[in-house]
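input_20.txt (compact mmCIF, C-alpha atoms) appears below.
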# COMPACT_ATOMS: atom_id res chain seq x y z
CA MET T 288 -9.60 -48.75 -22.45
CA SER T 289 -10.38 -48.45 -18.78
CA THR T 290 -8.06 -50.38 -16.52
CA LYS T 291 -10.75 -50.64 -13.89
CA ASN T 292 -12.26 -54.12 -13.98
CA TRP T 293 -15.97 -54.81 -13.93
CA PRO T 294 -17.11 -56.98 -11.01
CA LEU T 295 -16.81 -60.74 -11.31
CA TRP T 296 -19.92 -62.92 -11.77
CA GLU T 297 -20.42 -66.67 -11.49
CA VAL T 298 -22.45 -68.30 -14.26
CA PHE T 299 -24.80 -71.27 -13.88
CA VAL T 300 -26.31 -72.89 -16.95
CA ARG T 301 -29.07 -75.46 -17.19
CA SER T 302 -28.65 -77.71 -20.20
CA LYS T 303 -31.54 -79.06 -22.26
CA ASN T 304 -31.65 -82.38 -20.47
CA GLY T 305 -30.28 -81.20 -17.16
CA LEU T 306 -32.54 -80.72 -14.19
CA GLU T 307 -30.37 -78.26 -12.37
CA HIS T 308 -28.21 -75.27 -13.15
CA ARG T 309 -24.54 -76.13 -13.05
CA HIS T 310 -21.68 -73.80 -12.44
CA CYS T 311 -19.81 -73.39 -15.70
CA GLY T 312 -17.48 -70.46 -15.13
CA SER T 313 -17.21 -66.78 -14.42
CA LEU T 314 -17.06 -63.51 -16.31
CA HIS T 315 -16.87 -59.75 -15.84
CA ALA T 316 -19.86 -57.45 -16.24
CA ALA T 317 -20.98 -54.04 -15.00
CA ASP T 318 -24.39 -55.21 -13.77
CA GLU T 319 -26.75 -58.20 -13.75
CA GLU T 320 -28.29 -57.45 -17.13
CA MET T 321 -24.88 -57.27 -18.82
CA ALA T 322 -23.81 -60.38 -16.92
CA LEU T 323 -26.74 -62.32 -18.42
CA GLU T 324 -25.96 -61.13 -21.96
CA ASN T 325 -22.27 -61.86 -21.57
CA ALA T 326 -23.05 -65.30 -20.16
CA ARG T 327 -25.24 -65.97 -23.18
CA ASP T 328 -22.41 -65.03 -25.52
CA VAL T 329 -19.56 -66.67 -23.65
CA TYR T 330 -21.14 -69.86 -22.30
CA THR T 331 -24.12 -70.82 -24.49
CA ARG T 332 -22.85 -70.11 -28.01
CA ARG T 333 -22.70 -73.82 -28.82
CA SER T 334 -26.28 -74.28 -27.60
CA GLU T 335 -25.27 -75.59 -24.22
CA GLY T 336 -28.21 -74.22 -22.33
CA VAL T 337 -31.86 -73.28 -21.99
CA SER T 338 -31.57 -71.22 -18.83
CA ILE T 339 -28.89 -69.07 -17.19
CA TRP T 340 -28.38 -67.83 -13.63
CA VAL T 341 -25.75 -65.27 -12.76
CA VAL T 342 -24.69 -64.18 -9.31
CA GLU T 343 -22.05 -61.68 -8.35
CA SER T 344 -19.10 -63.62 -6.98
CA LYS T 345 -18.86 -61.50 -3.84
CA HIS T 346 -22.23 -62.84 -2.71
CA ILE T 347 -20.90 -66.37 -2.52
CA THR T 348 -19.61 -67.45 0.87
CA ALA T 349 -17.09 -70.23 0.49
CA SER T 350 -15.70 -72.66 3.01
CA ASN T 351 -12.06 -72.25 3.87
CA PRO T 352 -9.85 -75.07 2.52
CA GLU T 353 -7.75 -74.83 5.69
CA ASN T 354 -10.74 -76.09 7.65
CA ASN T 355 -11.30 -79.11 5.40
CA GLY T 356 -10.25 -81.48 8.16
CA GLU T 357 -12.90 -80.53 10.65
CA MET T 358 -15.47 -79.72 7.97
CA PHE T 359 -15.41 -82.88 5.88
CA GLU T 360 -13.31 -85.67 7.30
CA PRO T 361 -15.69 -86.66 10.11
CA ALA T 362 -18.12 -87.89 7.40
CA HIS T 363 -15.63 -90.29 5.86
CA ASP T 364 -16.18 -93.22 8.26
CA LYS T 365 -19.94 -92.95 8.46
CA VAL T 366 -20.96 -95.18 5.56
CA TYR T 367 -24.38 -95.73 7.11
CA ARG T 368 -25.28 -92.19 6.03
CA HIS T 369 -25.22 -93.29 2.38
CA PRO T 370 -28.65 -94.43 1.20
CA THR T 371 -27.30 -97.69 -0.17
CA PHE T 372 -29.03 -100.08 2.20
CA TYR T 373 -32.42 -100.23 0.56
CA ASP T 374 -33.72 -100.89 -2.96
CA LEU T 375 -35.10 -98.07 -5.06
CA PRO T 376 -38.29 -98.83 -7.00
CA ASP T 377 -37.79 -98.39 -10.75
CA GLU T 378 -40.48 -95.72 -10.85
CA VAL T 379 -38.33 -93.36 -8.81
CA LYS T 380 -36.25 -91.37 -11.23
CA HIS T 381 -33.64 -88.69 -10.76
CA MET T 382 -32.26 -89.85 -7.41
CA MET U 271 -30.36 -65.36 -65.63
CA LYS U 272 -32.72 -63.25 -63.58
CA GLN U 273 -30.47 -60.19 -63.36
CA ASN U 274 -32.75 -58.15 -61.14
CA LEU U 275 -33.17 -60.92 -58.60
CA TYR U 276 -29.42 -61.55 -58.61
CA ASN U 277 -28.65 -57.88 -58.02
CA TYR U 278 -31.33 -57.70 -55.39
CA ILE U 279 -29.82 -60.57 -53.41
CA LEU U 280 -26.36 -58.98 -53.53
CA GLY U 281 -27.91 -55.76 -52.25
CA ILE U 282 -29.04 -57.60 -49.14
CA ALA U 283 -26.06 -59.90 -48.69
CA ASP U 284 -23.28 -57.34 -49.19
CA ASN U 285 -24.50 -55.31 -46.20
CA SER U 286 -24.15 -58.32 -43.90
CA LEU U 287 -20.84 -59.44 -45.44
CA ILE U 288 -19.14 -56.09 -44.98
CA LEU U 289 -20.57 -55.51 -41.50
CA GLY U 290 -19.60 -59.06 -40.52
CA GLN U 291 -16.05 -58.42 -41.69
CA ARG U 292 -15.90 -55.16 -39.71
CA LEU U 293 -17.01 -56.95 -36.54
CA GLY U 294 -14.61 -59.78 -37.26
CA GLU U 295 -11.75 -57.28 -37.11
CA LEU U 296 -12.43 -57.02 -33.39
CA THR U 297 -11.69 -60.69 -32.77
CA GLY U 298 -9.00 -60.61 -30.11
CA HIS U 299 -9.18 -56.80 -29.98
CA GLY U 300 -12.51 -56.13 -28.27
CA PRO U 301 -12.61 -53.89 -25.22
CA SER U 302 -13.14 -56.90 -22.94
CA LEU U 303 -13.18 -60.65 -23.43
CA GLU U 304 -16.96 -60.72 -23.12
CA THR U 305 -17.70 -57.94 -25.64
CA ASP U 306 -15.05 -59.39 -27.94
CA ILE U 307 -16.88 -62.73 -28.06
CA ALA U 308 -20.24 -60.98 -28.44
CA CYS U 309 -19.03 -59.05 -31.51
CA THR U 310 -17.55 -62.22 -32.98
CA ASN U 311 -20.86 -64.04 -32.42
CA ILE U 312 -22.76 -61.31 -34.23
CA SER U 313 -20.21 -61.42 -37.01
CA LEU U 314 -20.65 -65.19 -37.38
CA ASP U 315 -24.45 -64.83 -37.42
CA LEU U 316 -24.11 -62.38 -40.29
CA PHE U 317 -21.69 -64.60 -42.22
CA GLY U 318 -24.10 -67.50 -41.80
CA GLN U 319 -26.90 -65.43 -43.33
CA VAL U 320 -24.58 -64.23 -46.06
CA ARG U 321 -23.75 -67.77 -47.11
CA SER U 322 -27.43 -68.57 -47.68
CA TYR U 323 -27.85 -65.45 -49.82
CA TYR U 324 -24.72 -66.02 -51.94
CA GLN U 325 -25.51 -69.71 -52.43
CA TYR U 326 -28.88 -68.65 -53.78
CA ALA U 327 -27.27 -65.94 -55.92
CA ALA U 328 -24.80 -68.49 -57.34
CA LYS U 329 -27.69 -70.76 -58.24
CA ILE U 330 -29.45 -67.94 -60.05
CA ALA U 331 -26.27 -66.84 -61.83
CA GLY U 332 -26.13 -70.36 -63.23
CA ASP U 333 -22.55 -70.06 -64.44
CA LYS U 334 -19.58 -71.66 -62.73
CA ARG U 335 -19.33 -69.07 -59.97
CA THR U 336 -19.65 -70.33 -56.41
CA GLU U 337 -20.76 -68.51 -53.27
CA ASP U 338 -17.07 -67.88 -52.50
CA ASP U 339 -16.40 -66.32 -55.88
CA ILE U 340 -19.28 -63.94 -55.39
CA ALA U 341 -18.20 -63.05 -51.87
CA MET U 342 -14.46 -62.82 -52.42
CA LEU U 343 -13.65 -62.00 -56.01
CA ARG U 344 -15.60 -58.93 -56.95
CA LYS U 345 -13.95 -55.54 -57.33
CA GLU U 346 -14.69 -52.62 -55.05
CA ARG U 347 -17.18 -50.96 -57.41
CA GLU U 348 -19.11 -54.22 -57.70
CA TYR U 349 -20.02 -54.31 -54.01
CA VAL U 350 -23.38 -52.69 -53.39
CA ASN U 351 -23.47 -52.47 -49.60
CA VAL U 352 -24.61 -49.24 -47.95
CA LEU U 353 -21.87 -46.85 -46.82
CA LEU U 354 -22.92 -47.22 -43.17
CA VAL U 355 -21.66 -50.78 -42.76
CA GLU U 356 -18.18 -50.15 -44.19
CA GLN U 357 -17.38 -47.38 -41.68
CA PRO U 358 -14.40 -48.34 -39.50
CA ASN U 359 -14.35 -49.33 -35.82
CA ARG U 360 -12.98 -46.02 -34.59
CA ASP U 361 -13.81 -46.95 -31.00
CA PHE U 362 -16.38 -49.15 -29.27
CA ALA U 363 -18.97 -46.35 -29.32
CA TYR U 364 -18.63 -46.15 -33.12
CA THR U 365 -18.85 -49.92 -33.44
CA MET U 366 -22.04 -50.08 -31.38
CA ALA U 367 -23.60 -46.98 -32.97
CA ARG U 368 -23.00 -48.45 -36.45
CA GLN U 369 -24.45 -51.75 -35.27
CA PHE U 370 -27.51 -50.10 -33.75
CA LEU U 371 -28.21 -47.90 -36.80
CA PHE U 372 -28.02 -50.99 -39.00
CA ASP U 373 -29.81 -53.45 -36.68
CA VAL U 374 -32.96 -51.31 -36.44
CA TYR U 375 -33.13 -51.28 -40.23
CA HIS U 376 -32.14 -54.94 -40.58
CA LEU U 377 -34.91 -56.21 -38.33
CA LEU U 378 -37.60 -54.07 -40.02
CA PHE U 379 -36.31 -55.24 -43.39
CA LEU U 380 -36.33 -58.95 -42.51
CA GLN U 381 -39.81 -58.74 -41.03
CA GLU U 382 -41.01 -57.57 -44.45
CA LEU U 383 -38.77 -59.93 -46.44
CA GLN U 384 -40.42 -62.78 -44.58
CA LYS U 385 -43.56 -62.01 -46.61
CA SER U 386 -41.70 -62.29 -49.91
CA LYS U 387 -43.21 -64.39 -52.69
CA ASP U 388 -39.73 -65.84 -53.20
CA LEU U 389 -39.72 -68.78 -50.81
CA THR U 390 -35.93 -68.96 -50.45
CA LEU U 391 -35.65 -65.31 -49.44
CA SER U 392 -38.60 -65.61 -47.10
CA ALA U 393 -37.02 -68.69 -45.47
CA ILE U 394 -33.66 -66.96 -44.99
CA ALA U 395 -35.44 -63.95 -43.48
CA ASN U 396 -37.42 -66.19 -41.18
CA LYS U 397 -34.31 -67.89 -39.90
CA SER U 398 -32.36 -64.64 -39.47
CA ILE U 399 -34.96 -62.73 -37.48
CA LYS U 400 -34.15 -64.31 -34.12
CA GLU U 401 -30.45 -63.62 -34.59
CA VAL U 402 -30.99 -60.04 -35.61
CA SER U 403 -33.44 -59.44 -32.76
CA TYR U 404 -30.60 -60.34 -30.41
CA HIS U 405 -28.14 -58.09 -32.27
CA LEU U 406 -30.54 -55.20 -31.83
CA ARG U 407 -31.06 -55.98 -28.16
CA PHE U 408 -27.30 -56.02 -27.65
CA SER U 409 -26.60 -52.80 -29.53
CA ILE U 410 -29.51 -50.91 -27.90
CA ASP U 411 -28.14 -51.96 -24.54
CA TRP U 412 -24.78 -50.38 -25.34
CA ILE U 413 -26.31 -47.20 -26.80
CA LYS U 414 -28.08 -46.73 -23.47
CA ARG U 415 -25.11 -47.71 -21.31
CA LEU U 416 -22.67 -45.39 -23.01
CA GLY U 417 -25.18 -42.61 -23.76
CA ASP U 418 -26.52 -42.58 -20.23
CA GLY U 419 -23.19 -43.45 -18.61
CA THR U 420 -20.37 -41.09 -17.66
CA ALA U 421 -19.68 -37.70 -19.22
CA VAL U 422 -16.89 -39.27 -21.30
CA SER U 423 -18.93 -42.24 -22.54
CA HIS U 424 -21.87 -39.93 -23.33
CA GLN U 425 -19.65 -37.68 -25.43
CA LYS U 426 -18.11 -40.64 -27.30
CA MET U 427 -21.52 -42.10 -28.13
CA GLN U 428 -22.87 -38.71 -29.19
CA ASP U 429 -19.84 -38.24 -31.47
CA ALA U 430 -20.42 -41.69 -32.98
CA ILE U 431 -24.12 -41.06 -33.64
CA ASP U 432 -23.34 -37.61 -35.09
CA GLY U 433 -20.58 -39.07 -37.27
CA LEU U 434 -22.66 -41.93 -38.65
CA TRP U 435 -25.98 -40.12 -39.01
CA THR U 436 -25.19 -38.96 -42.53
CA TYR U 437 -25.15 -42.61 -43.70
CA THR U 438 -28.63 -43.54 -42.42
CA ASP U 439 -30.78 -42.12 -45.21
CA GLU U 440 -29.17 -44.33 -47.86
CA LEU U 441 -30.78 -47.39 -46.24
CA PHE U 442 -34.09 -46.24 -47.73
CA HIS U 443 -32.94 -45.53 -51.29
CA GLN U 444 -34.34 -47.82 -53.97
CA THR U 445 -32.18 -49.31 -56.71
CA GLU U 446 -33.46 -50.48 -60.08
CA ALA U 447 -33.39 -54.05 -58.80
CA ASP U 448 -35.35 -52.96 -55.72
CA LYS U 449 -38.10 -51.41 -57.81
CA ALA U 450 -38.33 -54.44 -60.08
CA MET U 451 -38.49 -56.85 -57.15
CA VAL U 452 -41.06 -54.79 -55.27
CA SER U 453 -43.32 -54.87 -58.32
CA GLU U 454 -43.04 -58.66 -58.37
CA GLU U 455 -43.80 -58.81 -54.62
CA ILE U 456 -40.44 -60.44 -54.03
CA GLY U 457 -38.62 -57.42 -52.65
CA VAL U 458 -39.22 -55.10 -49.72
CA ASP U 459 -40.22 -51.51 -50.36
CA VAL U 460 -37.54 -49.89 -48.20
CA THR U 461 -39.06 -46.43 -48.55
CA LYS U 462 -41.91 -47.67 -46.37
CA LEU U 463 -39.55 -48.63 -43.54
CA LYS U 464 -38.18 -45.12 -43.09
CA GLU U 465 -40.78 -43.75 -40.71
CA ALA U 466 -40.70 -46.73 -38.34
CA TYR U 467 -36.89 -46.67 -38.46
CA TYR U 468 -36.44 -43.08 -37.37
CA GLU U 469 -39.19 -43.45 -34.79
CA LYS U 470 -37.39 -46.38 -33.16
CA VAL U 471 -33.94 -44.80 -33.43
CA GLN U 472 -35.14 -41.56 -31.90
CA ALA U 473 -36.89 -43.33 -29.03
CA VAL U 474 -33.70 -45.22 -28.12
CA LEU U 475 -31.50 -42.13 -28.43
CA LYS U 476 -33.88 -40.21 -26.20
CA GLU U 477 -33.80 -42.93 -23.57
CA ALA U 478 -30.01 -42.90 -23.79
CA THR U 479 -30.07 -39.11 -23.13
CA LEU U 480 -28.49 -38.53 -26.56
CA THR U 481 -29.38 -35.75 -28.96
CA VAL U 482 -30.91 -36.69 -32.30
CA PRO U 483 -28.73 -35.05 -35.00
CA GLU U 484 -30.51 -32.32 -36.93
CA SER U 485 -28.41 -32.59 -40.08
CA LYS U 486 -30.52 -33.07 -43.18
CA TRP U 487 -27.57 -33.70 -45.50
CA PHE U 488 -26.99 -37.35 -46.24
CA GLN U 489 -24.30 -39.39 -48.00
CA LYS U 490 -25.18 -41.91 -50.67
CA GLY U 491 -23.53 -44.05 -53.33
CA GLY U 492 -22.86 -47.43 -51.75
CA LYS U 493 -25.84 -49.04 -53.43
CA GLN U 494 -24.40 -47.93 -56.79
CA GLY U 495 -20.92 -49.20 -55.94
CA VAL U 496 -19.48 -45.78 -55.13
CA HIS U 497 -17.89 -46.25 -51.74
CA THR U 498 -16.00 -44.34 -49.06
CA GLU U 499 -12.22 -44.80 -48.97
CA HIS U 500 -12.60 -47.37 -46.16
CA LEU U 501 -14.02 -50.20 -48.27
CA GLY U 502 -10.88 -50.81 -50.33
CA TYR U 503 -8.80 -51.52 -47.25
CA LEU U 504 -11.47 -53.82 -45.87
CA LEU U 505 -11.64 -55.75 -49.13
CA SER U 506 -7.88 -56.17 -49.31
CA ASP U 507 -8.07 -57.91 -45.92
CA LEU U 508 -11.13 -59.93 -46.88
CA GLN U 509 -9.84 -61.01 -50.28
CA TYR U 510 -6.16 -61.46 -49.55
CA MET U 511 -6.13 -65.25 -49.27
CA GLN U 512 -8.26 -65.89 -52.36
CA ARG U 513 -6.27 -63.41 -54.44
CA THR U 514 -2.89 -64.71 -53.31
CA TYR U 515 -3.72 -68.41 -53.47
CA PRO U 516 -6.53 -68.68 -56.04
CA ASN U 517 -9.01 -71.49 -55.36
CA MET U 518 -7.42 -72.35 -52.06
CA GLU U 519 -9.50 -74.40 -49.66
CA TRP U 520 -9.02 -75.69 -46.15

Any chance you could give the structure as structure tokens?
Amino acid sequence: MSTKNWPLWEVFVRSKNGLEHRHCGSLHAADEEMALENARDVYTRRSEGVSIWVVESKHITASNPENNGEMFEPAHDKVYRHPTFYDLPDEVKHM
Amino acid sequence: MKQNLYNYILGIADNSLILGQRLGELTGHGPSLETDIACTNISLDLFGQVRSYYQYAAKIAGDKRTEDDIAMLRKEREYVNVLLVEQPNRDFAYTMARQFLFDVYHLLFLQELQKSKDLTLSAIANKSIKEVSYHLRFSIDWIKRLGDGTAVSHQKMQDAIDGLWTYTDELFHQTEADKAMVSEEIGVDVTKLKEAYYEKVQAVLKEATLTVPESKWFQKGGKQGVHTEHLGYLLSDLQYMQRTYPNMEW
């Protein structure tokens, strides 16, 4: 067995009733086609999904946890940014 | 009891049982977590199909035997699977080559079995086709990856195809039960699948830059219960629990 690892991929699955793809884990694969097949076998074997996205992990740019203070804390005291001050009509779904 | 129909069902089911057991051996031992789970999934698909066949066979037998008795308690010479599916997992190339050489046949076979006058068999075939289409897609993918990969992977896949080629012709041999079932429009005439089989196999091998073996000498015997030395070991694994603790359940 080769000790060289295949690249890492992130897997997003859309469930039957879900409207969006959700991140559900990661896996190793040599290319995108293998990543899709592996995702099918690893993450949808209990019929969790109807659609899969895969993206190579290296293409994801992540925020640095060390910067959490300046990145996220300024939003904490700005409650007026939450859309809770008006009524939603019943006809509007999926908000 | 309809002996021909019973034998005919075992002829189909034993292939999937033995191949499923072979793939199951890789659980926890696959080359990577992902391929390990994929092989286990294929194995479980096959066992699922096998259950439907043996349940039907038990019903036809009409004695006290259950699906488990038929699956677990026969002797080596009473299994009628083809020699191809009992060949061991020498390496991943062998495992995938064996899978590919069987999948191409399996899909062609089920597409015909779907037209059977026997509604149970046609329903099982109908349900299995989607699963087997995926098995074939998976195994073709690996034939191409390893065949058209590095010099080492190419050589390993070529060795596997060369080593297993001698077991392919048996897929198209007719047993007595086959002939009887074909005449009743219940069974599939496997001799008619041969041309499409080799056409498909050769096309994939060509795309994978592999050489189609030229050998014209083929092994046979599995369908008559005469097996290679590998089946006995497989059965001792498969049957161990039922033989040691008869009638155990969990």

Q) Counting only C-alpha atoms, what is within 12 Å of His376 (chain U), bar same-chain residues fewer than 3 positions away, as a count of residues only? A) 36

(Q) Based on only C-alpha atoms, which of the residues in chain T come within 8 Å of chain U? I want them as JSON, numbers by chain. (A) {"T": [288, 314, 315, 324, 325, 328, 329, 332]}

Can you spit out the residues from that selection as an mmCIF file, keeping the file's coordinate frame, using C-alpha atoms?
data_model
loop_
_atom_site.group_PDB
_atom_site.id
_atom_site.type_symbol
_atom_site.label_atom_id
_atom_site.label_comp_id
_atom_site.auth_asym_id
_atom_site.auth_seq_id
_atom_site.Cartn_x
_atom_site.Cartn_y
_atom_site.Cartn_z
ATOM 1 C CA MET T 288 -9.600 -48.750 -22.450
ATOM 2 C CA LEU T 314 -17.060 -63.510 -16.310
ATOM 3 C CA HIS T 315 -16.870 -59.750 -15.840
ATOM 4 C CA GLU T 324 -25.960 -61.130 -21.960
ATOM 5 C CA ASN T 325 -22.270 -61.860 -21.570
ATOM 6 C CA ASP T 328 -22.410 -65.030 -25.520
ATOM 7 C CA VAL T 329 -19.560 -66.670 -23.650
ATOM 8 C CA ARG T 332 -22.850 -70.110 -28.010
#

Q. Suppose you want the space between CA of Ala367 (chain U) and CA of Leu293 (chain U); what is it in Å?
A. 12.5 Å

Q. CA of Ile347 (chain T) and CA of Arg301 (chain T), how far apart in Å?
A.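 Those two atoms sit 19.1 Å apart.
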
Q. Distance CA of Gln428 (chain U)-CA of Val474 (chain U), one decimal place?
A.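 Pair CA of Gln428 (chain U) / CA of Val474 (chain U) returns 12.7 Å.
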
**Q.** All residues 10 Å or closer to Lys486 (chain U), all atoms listed in the file, same chain fewer than 3 positions away omitted, as a list of chain:residue names
**A.**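 My reading of the contact set: U:Trp435, U:Thr436, U:Asp439, U:Pro483.
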
Q. Of the candidates T:Ala326, T:Val298, T:Met321, T:Cys311, which one gets nearest to Val342 (chain T) if we count only C-alpha atoms?
A.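 Comparing T:Ala326, T:Val298, T:Met321, T:Cys311 against Val342 (chain T), the winner is T:Val298.
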
Q. Which of these residues is nearest to Asn359 (chain U), using all atoms listed in the file: U:Leu389, U:Leu296, U:Met451, U:Leu480?
A.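 Comparing U:Leu389, U:Leu296, U:Met451, U:Leu480 against Asn359 (chain U), the winner is U:Leu296.
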
**Q.** Residue contacts of Ile288 (chain U) (7 Å, only C-alpha atoms) excluding same-chain residues fewer than 4 positions away, as a VMD selection string
**A.** chain U and resid 284 292 355 to 356

Do you know which residues are at most 7 Å from Ala430 (chain U) counting only C-alpha atoms, after dropping those on the same chain fewer than 2 positions away, and could you put them as a short mmCIF file (atom, residue, chain, number, x, y, z; two decimals) with C-alpha atoms, keeping the file's coordinate frame?
data_model
loop_
_atom_site.label_atom_id
_atom_site.label_comp_id
_atom_site.auth_asym_id
_atom_site.auth_seq_id
_atom_site.Cartn_x
_atom_site.Cartn_y
_atom_site.Cartn_z
CA ALA U 363 -18.97 -46.35 -29.32
CA TYR U 364 -18.63 -46.15 -33.12
CA ALA U 367 -23.60 -46.98 -32.97
CA LYS U 426 -18.11 -40.64 -27.30
CA MET U 427 -21.52 -42.10 -28.13
CA GLN U 428 -22.87 -38.71 -29.19
CA ASP U 432 -23.34 -37.61 -35.09
CA GLY U 433 -20.58 -39.07 -37.27
CA LEU U 434 -22.66 -41.93 -38.65
#

Q: Determine, counting all atoms listed in the file, which protein, DNA and RNA residues have an atom within 12 Å of an atom of His381 (chain T); residues of the same chain fewer than 5 positions away are not included. Present the result as a PyMOL selection string.
A: chain T and resi 304-307+375-376

Q: Name the closest residue to Ser506 (chain U) among the candidates U:Met271, U:Ser313, U:Leu343, U:Tyr326; distances are taken between atoms, counting all atoms listed in the file.
A: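 Smallest separation from Ser506 (chain U) among the options: U:Leu343.
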
**Q.** Residue with smallest distance to Glu446 (chain U) - pool U:Lys329, U:Arg360, U:Arg347, U:Lys493, counting only C-alpha atoms
**A.**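 Answer, going by the shortest atom-to-atom distance: U:Lys493.
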
Q) Pick the closest to Gly495 (chain U) from U:Val350, U:Leu314, U:Ile330, U:Val374: which is it, counting all atoms listed in the file? A) U:Val350
